[in-house]
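Okay, final-v8.csv is below, CSV, C-alpha atoms:
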chain,number,residue,atom,x,y,z
A,1,MET,CA,-2.9,14.2,11.4
A,2,LEU,CA,0.8,13.4,11.3
A,3,PHE,CA,2.0,11.0,8.5
A,4,ALA,CA,5.2,9.2,8.4
A,5,LEU,CA,6.4,8.1,4.9
A,6,ALA,CA,8.7,5.1,4.9
A,7,GLN,CA,11.3,4.4,2.2
A,8,LEU,CA,12.8,1.0,2.5
A,9,ASN,CA,14.9,-1.2,0.2
A,10,PRO,CA,13.1,-4.6,0.8
A,11,ALA,CA,14.7,-7.8,-0.4
A,12,ALA,CA,12.6,-9.9,-2.7
A,13,GLY,CA,11.1,-12.9,-0.8
A,14,ALA,CA,12.8,-12.0,2.5
A,15,LEU,CA,9.6,-11.6,4.6
A,16,GLN,CA,11.2,-11.8,8.1
A,17,GLN,CA,14.0,-9.4,7.2
A,18,ASN,CA,11.6,-6.9,5.6
A,19,ALA,CA,9.1,-7.2,8.5
A,20,ALA,CA,11.9,-6.4,10.9
A,21,GLY,CA,12.6,-3.2,8.9
A,22,ILE,CA,8.9,-2.3,8.9
A,23,ARG,CA,8.7,-2.8,12.6
A,24,ARG,CA,11.8,-0.6,13.3
A,25,PHE,CA,10.5,2.3,11.2
A,26,TYR,CA,7.0,2.0,12.6
A,27,GLU,CA,8.2,2.1,16.2
A,28,LYS,CA,10.4,5.2,15.4
A,29,ALA,CA,7.5,6.9,13.7
A,30,ARG,CA,5.0,6.0,16.5
A,31,ALA,CA,7.5,7.4,19.1
A,32,ARG,CA,7.6,10.7,17.1
A,33,GLY,CA,3.8,11.0,17.2
A,34,ALA,CA,2.8,9.7,13.7
A,35,ASP,CA,-0.9,8.9,13.3
A,36,LEU,CA,-0.4,6.9,10.1
A,37,VAL,CA,2.8,5.2,9.0
A,38,ILE,CA,2.8,4.6,5.2
A,39,PHE,CA,5.0,2.0,3.4
A,40,PRO,CA,5.1,1.6,-0.4
A,41,GLU,CA,3.6,-1.3,-2.3
A,42,MET,CA,5.5,-4.6,-1.9
A,43,ALA,CA,7.3,-3.3,1.2
A,44,LEU,CA,6.8,-6.6,3.0
A,45,THR,CA,7.7,-8.9,0.1
A,46,GLY,CA,10.1,-7.0,-2.0
A,47,THR,CA,9.8,-7.2,-5.8
A,48,PRO,CA,9.8,-8.7,-8.3
A,49,LEU,CA,8.5,-12.0,-6.9
A,50,HIS,CA,7.6,-13.8,-10.1
A,51,ASP,CA,6.9,-17.5,-9.4
A,52,LEU,CA,7.2,-17.2,-5.6
A,53,LEU,CA,3.6,-16.1,-5.9
A,54,HIS,CA,2.6,-19.6,-7.1
A,55,TYR,CA,3.8,-21.2,-3.8
A,56,GLY,CA,1.0,-21.6,-1.2
A,57,ASP,CA,3.6,-21.7,1.6
A,58,PHE,CA,4.9,-18.3,0.6
A,59,LEU,CA,1.4,-16.8,0.5
A,60,ALA,CA,0.6,-18.4,3.9
A,61,GLU,CA,3.7,-16.9,5.4
A,62,ILE,CA,2.6,-13.4,4.1
A,63,ASP,CA,-0.7,-13.9,5.9
A,64,THR,CA,1.1,-15.0,9.1
A,65,VAL,CA,3.6,-12.1,9.1
A,66,THR,CA,0.8,-9.5,8.4
A,67,GLY,CA,-1.7,-11.0,10.9
A,68,ARG,CA,0.7,-12.1,13.7
A,69,LYS,CA,3.7,-9.8,13.5
A,70,LEU,CA,2.7,-6.5,11.9
A,71,ALA,CA,-1.0,-5.9,12.8
A,72,PRO,CA,-0.3,-6.5,16.5
A,73,LEU,CA,2.2,-3.6,16.5
A,74,THR,CA,-0.9,-1.3,16.4
A,75,ALA,CA,-2.7,-2.9,19.3
A,76,SER,CA,-1.6,-0.5,22.0
A,77,SER,CA,-1.0,2.5,19.7
A,78,ALA,CA,-3.0,5.2,18.1
A,79,ALA,CA,-0.7,5.0,15.0
A,80,ALA,CA,-2.2,3.1,12.1
A,81,LEU,CA,0.1,1.1,9.7
A,82,LEU,CA,-0.3,0.9,5.9
A,83,VAL,CA,1.9,-1.8,4.3
A,84,GLY,CA,2.2,-2.8,0.7
A,85,THR,CA,2.0,-6.6,0.2
A,86,PRO,CA,0.2,-9.2,-1.9
A,87,PHE,CA,-2.9,-10.5,-0.2
A,88,GLN,CA,-5.9,-12.8,-0.9
A,89,ARG,CA,-9.3,-11.2,-1.4
A,90,GLU,CA,-12.4,-13.1,-2.3
A,91,GLY,CA,-10.3,-16.0,-3.6
A,92,ARG,CA,-8.1,-13.8,-5.8
A,93,LEU,CA,-4.5,-12.8,-5.3
A,94,CYS,CA,-4.1,-9.0,-5.2
A,95,ASN,CA,-1.2,-6.6,-5.0
A,96,GLY,CA,-2.0,-3.6,-2.9
A,97,VAL,CA,-1.8,-2.3,0.7
A,98,LEU,CA,-3.3,-3.4,4.0
A,99,LEU,CA,-4.4,-0.9,6.7
A,100,MET,CA,-3.7,-2.1,10.2
A,101,GLU,CA,-5.0,-0.5,13.3
A,102,ARG,CA,-6.2,-1.6,16.8
A,103,GLY,CA,-4.1,-4.8,16.5
A,104,ARG,CA,-5.8,-6.1,13.3
A,105,ILE,CA,-6.1,-5.6,9.6
A,106,THR,CA,-9.0,-3.3,9.1
A,107,ALA,CA,-9.0,-2.6,5.3
A,108,CYS,CA,-7.3,-3.8,2.1
A,109,TYR,CA,-6.8,-1.7,-1.0
A,110,PRO,CA,-5.9,-3.7,-4.1
A,111,LYS,CA,-4.3,-2.0,-7.1
A,112,THR,CA,-6.8,-1.1,-9.8
A,113,VAL,CA,-4.2,-0.8,-12.6
A,114,LEU,CA,-1.6,-3.5,-12.8
A,115,GLU,CA,1.8,-3.0,-14.3
A,116,LYS,CA,2.2,-4.7,-17.7
A,117,ARG,CA,5.9,-3.9,-18.3
A,118,ALA,CA,8.8,-6.1,-17.5
A,119,PRO,CA,10.1,-7.1,-15.0
A,120,PHE,CA,6.8,-6.8,-13.1
A,121,GLU,CA,4.1,-8.2,-15.4
A,122,GLU,CA,1.6,-8.1,-12.6
A,123,GLU,CA,-1.3,-9.3,-14.8
A,124,ARG,CA,0.3,-12.8,-14.8
A,125,TYR,CA,-0.1,-13.1,-11.0
A,126,PHE,CA,-2.6,-10.6,-9.6
A,127,SER,CA,-6.2,-9.6,-10.1
A,128,PRO,CA,-7.1,-5.9,-10.2
A,129,ALA,CA,-9.6,-4.2,-7.9
A,130,ALA,CA,-13.2,-4.2,-9.3
A,131,GLY,CA,-13.6,-0.4,-9.3
A,132,PRO,CA,-11.9,2.9,-8.5
A,133,GLY,CA,-10.7,4.0,-5.1
A,134,ARG,CA,-13.1,5.6,-2.6
A,135,TRP,CA,-13.0,8.5,-0.2
A,136,GLU,CA,-13.2,7.6,3.5
A,137,PRO,CA,-13.5,9.9,6.5
A,138,ARG,CA,-10.4,9.9,8.8
A,139,GLY,CA,-10.4,12.6,11.4
A,140,LYS,CA,-11.0,15.9,9.6
A,141,LEU,CA,-9.9,14.5,6.3
A,142,ALA,CA,-11.5,12.5,3.4
A,143,LEU,CA,-8.8,10.0,2.6
A,144,SER,CA,-8.4,7.8,-0.5
A,145,ILE,CA,-5.7,5.1,-0.7
A,146,VAL,CA,-4.8,4.2,-4.3
A,147,PRO,CA,-1.8,2.0,-4.6
A,148,GLY,CA,0.5,1.9,-7.6
A,149,GLU,CA,2.0,4.6,-9.8
A,150,SER,CA,0.0,3.5,-12.9
A,151,ALA,CA,-3.3,4.3,-11.1
A,152,LEU,CA,-2.3,8.0,-11.4
A,153,SER,CA,-1.8,8.0,-15.2
A,154,ALA,CA,-4.2,10.0,-17.3
A,155,GLY,CA,-7.4,8.2,-17.8
A,156,ALA,CA,-6.6,5.5,-15.3
A,157,ALA,CA,-9.6,3.8,-13.6
A,158,GLY,CA,-8.0,3.8,-10.2
A,159,LEU,CA,-8.8,7.3,-9.0
A,160,PRO,CA,-11.9,7.9,-7.0
A,161,PRO,CA,-14.4,10.4,-8.3
A,162,ARG,CA,-14.3,13.9,-6.8
A,163,PRO,CA,-16.4,13.9,-3.7
A,164,ARG,CA,-19.4,16.3,-3.6
A,165,SER,CA,-18.5,17.8,-0.2
A,166,PRO,CA,-15.8,20.5,0.0
A,167,GLU,CA,-13.9,18.8,2.9
A,168,ARG,CA,-10.2,18.5,2.9
A,169,ARG,CA,-9.0,15.5,0.8
A,170,LEU,CA,-5.8,13.6,0.8
A,171,LEU,CA,-5.0,11.0,-1.8
A,172,ILE,CA,-2.3,8.5,-0.7
A,173,ASN,CA,-0.5,6.7,-3.4
A,174,PRO,CA,1.8,4.0,-2.0
A,175,ALA,CA,4.0,3.3,-5.0
A,176,ALA,CA,7.4,1.6,-5.3
A,177,SER,CA,8.7,3.4,-8.4
A,178,PRO,CA,12.3,4.5,-8.1
A,179,TYR,CA,13.0,8.2,-7.7
A,180,SER,CA,15.0,9.9,-10.4
A,181,LEU,CA,16.3,13.4,-9.8
A,182,GLY,CA,14.9,15.8,-12.4
A,183,ARG,CA,12.3,13.3,-13.7
A,184,ARG,CA,8.9,14.8,-14.0
A,185,ASN,CA,6.1,12.8,-12.4
A,186,PRO,CA,3.7,12.0,-15.2
A,187,GLY,CA,1.0,11.0,-12.7
A,188,ALA,CA,0.9,14.3,-10.8
A,189,HIS,CA,-1.5,16.1,-13.1
A,190,PRO,CA,-4.5,13.7,-13.1
A,191,CYS,CA,-4.9,14.0,-9.3
A,192,GLY,CA,-5.0,17.8,-9.2
A,193,ASP,CA,-8.7,18.1,-9.6
A,194,ARG,CA,-9.7,15.1,-7.5
Mind converting the file's structure to structure tokens?
Amino acid sequence: MLFALAQLNPAAGALQQNAAGIRRFYEKARARGADLVIFPEMALTGTPLHDLLHYGDFLAEIDTVTGRKLAPLTASSAAALLVGTPFQREGRLCNGVLLMERGRITACYPKTVLEKRAPFEEERYFSPAAGPGRWEPRGKLALSIVPGESALSAGAAGLPPRPRSPERRLLINPAASPYSLGRRNPGAHPCGDR
């Protein structure tokens, strides 16, 4: 499998502008043979959103953009698309990522561990996933998608348990944390044995 990792600088609340950037990167990655194009959390909406998340029209526009503009990009392509965005799930607002393939949204992966620190304060707006991530077969891999940097911290509930079978595993962590040269990633260690 060939993965394309996108790094964008989305503007908070600018759904149409951000969707256009996602589309451009997806089309380039697809043309270069990517099987899965991965965008970080909140790639569609930008962040922080704060009270925009209380407006039904804004949430409805997120649904429209994901369902009518982004998911259809995958209709005539073998390349799947993984996009970070808020979404409704079982009557709850979640922050996470949506998997789009074959022209539709096929899976959603809500964050299990929400950011408590300012300026994000995700617990004010979002509900966490009910349990840890899971391993799913994808080609010759077992794949787990666990959004958010905090899910990788030691003792976090977001990591899936180690599978019993010895197949090749890949944990994808679409996070939106800024990169800092020389900063050690505190989340790298807990994943090593999973």
Of the listed residues A:Ala176, A:Ala107, A:Ala130, A:Leu15, that which approaches Ala71 in chain A most closely, counting all atoms listed in the file: A:Ala107
For CA of Leu93 in chain A and CA of Gly21 in chain A, the interatomic separation in Å (one decimal):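 Spanning CA of Leu93 in chain A to CA of Gly21 in chain A is a straight-line distance of 24.2 Å.
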Local residues around (4.9, -3.5, 17.2), at most 7 Å away, using all atoms listed in the file, as a ChimeraX atom specification: /A:23,27,70,72-74
Interatomic distance (Å, one decimal) between CA of Ala19 in chain A and CA of Cys108 in chain A: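 If I compute the distance from CA of Ala19 in chain A to CA of Cys108 in chain A, I get 17.9 Å.
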Selection: 12 Å around Ser77 in chain A, all atoms listed in the file, excl. self and same-chain fewer than 3 positions, as a list in words: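 Skipping anything fewer than 3 positions along the chain leaves Tyr26, Glu27, Ala29, Arg30, Ala31, Gly33, Ala34, Asp35, Leu36, Val37, Ala71, Pro72, Leu73, Thr74, Ala80, Leu81, Met100, Glu101, Arg102, Gly103 and Arg104 of chain A.
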Only C-alpha atoms, please: the residues just picked out, written as a PDB file, in the frame of the given file.
ATOM      1  CA  TYR A  26       7.000   2.000  12.600  1.00  0.00           C
ATOM      2  CA  GLU A  27       8.200   2.100  16.200  1.00  0.00           C
ATOM      3  CA  ALA A  29       7.500   6.900  13.700  1.00  0.00           C
ATOM      4  CA  ARG A  30       5.000   6.000  16.500  1.00  0.00           C
ATOM      5  CA  ALA A  31       7.500   7.400  19.100  1.00  0.00           C
ATOM      6  CA  GLY A  33       3.800  11.000  17.200  1.00  0.00           C
ATOM      7  CA  ALA A  34       2.800   9.700  13.700  1.00  0.00           C
ATOM      8  CA  ASP A  35      -0.900   8.900  13.300  1.00  0.00           C
ATOM      9  CA  LEU A  36      -0.400   6.900  10.100  1.00  0.00           C
ATOM     10  CA  VAL A  37       2.800   5.200   9.000  1.00  0.00           C
ATOM     11  CA  ALA A  71      -1.000  -5.900  12.800  1.00  0.00           C
ATOM     12  CA  PRO A  72      -0.300  -6.500  16.500  1.00  0.00           C
ATOM     13  CA  LEU A  73       2.200  -3.600  16.500  1.00  0.00           C
ATOM     14  CA  THR A  74      -0.900  -1.300  16.400  1.00  0.00           C
ATOM     15  CA  ALA A  80      -2.200   3.100  12.100  1.00  0.00           C
ATOM     16  CA  LEU A  81       0.100   1.100   9.700  1.00  0.00           C
ATOM     17  CA  MET A 100      -3.700  -2.100  10.200  1.00  0.00           C
ATOM     18  CA  GLU A 101      -5.000  -0.500  13.300  1.00  0.00           C
ATOM     19  CA  ARG A 102      -6.200  -1.600  16.800  1.00  0.00           C
ATOM     20  CA  GLY A 103      -4.100  -4.800  16.500  1.00  0.00           C
ATOM     21  CA  ARG A 104      -5.800  -6.100  13.300  1.00  0.00           C
TER      22      ARG A 104
END
Spatial neighbours of range 43-60 of chain A, 8 Å, all atoms listed in the file, chain gap at least 4 places, as a count of residues only: 21
Of the listed residues A:Pro147, A:Pro163, A:Pro128, A:Gly139, that which approaches Met1 in chain A most closely, counting all atoms listed in the file: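 Closest to Met1 in chain A of all the choices is A:Gly139.
The space between CA of Arg138 in chain A and CA of Ile62 in chain A spans 27.1 Å.
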Which residue of A:Ser144, A:Gln16, A:Ser76, A:Thr112 approaches Pro160 in chain A most closely, using only C-alpha atoms: A:Ser144
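Distances from A:Ala118, A:Ser127, A:Pro174, A:Val113 to Arg89 in chain A were compared using all atoms listed in the file, and the smallest one belongs to A:Ser127.
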Residue contacts of Lys111 in chain A (8 Å, all atoms listed in the file) excluding same-chain residues fewer than 6 positions away, as an MDAnalysis selection string: chainID A and resid 94:96 128:129 146:148 151 158
Residue among A:Gly91, A:Phe25, A:Gln17, A:Leu141 lying closest to Leu5 in chain A, counting only C-alpha atoms: A:Phe25
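Using all atoms listed in the file, the shortest contact distance between Leu170 in chain A and any of A:Glu61, A:Phe3, A:Leu114, A:Ala75 is found at A:Phe3.
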C-alpha atoms of range 80-103 of chain A from block above, as a short mmCIF file (atom, residue, chain, number, x, y, z; two decimals), in the first residue's frame:
data_model
loop_
_atom_site.label_atom_id
_atom_site.label_comp_id
_atom_site.auth_asym_id
_atom_site.auth_seq_id
_atom_site.Cartn_x
_atom_site.Cartn_y
_atom_site.Cartn_z
CA ALA A 80 -9.33 6.09 -0.16
CA LEU A 81 -9.48 9.40 1.70
CA LEU A 82 -9.11 9.91 5.47
CA VAL A 83 -10.13 13.42 6.61
CA GLY A 84 -10.16 14.96 10.08
CA THR A 85 -13.39 16.77 10.93
CA PRO A 86 -16.11 16.99 13.55
CA PHE A 87 -19.06 14.68 12.86
CA GLN A 88 -22.29 13.49 14.44
CA ARG A 89 -22.40 9.90 15.67
CA GLU A 90 -25.34 8.39 17.53
CA GLY A 91 -26.61 11.85 18.43
CA ARG A 92 -23.24 13.00 19.80
CA LEU A 93 -20.76 15.44 18.32
CA CYS A 94 -17.33 13.84 17.89
CA ASN A 95 -13.94 15.03 16.74
CA GLY A 96 -12.11 12.48 14.66
CA VAL A 97 -11.60 11.29 11.12
CA LEU A 98 -13.87 9.98 8.37
CA LEU A 99 -12.81 7.28 5.92
CA MET A 100 -14.17 7.82 2.42
CA GLU A 101 -13.98 5.26 -0.35
CA ARG A 102 -16.10 4.13 -3.30
CA GLY A 103 -17.84 7.53 -3.30
#
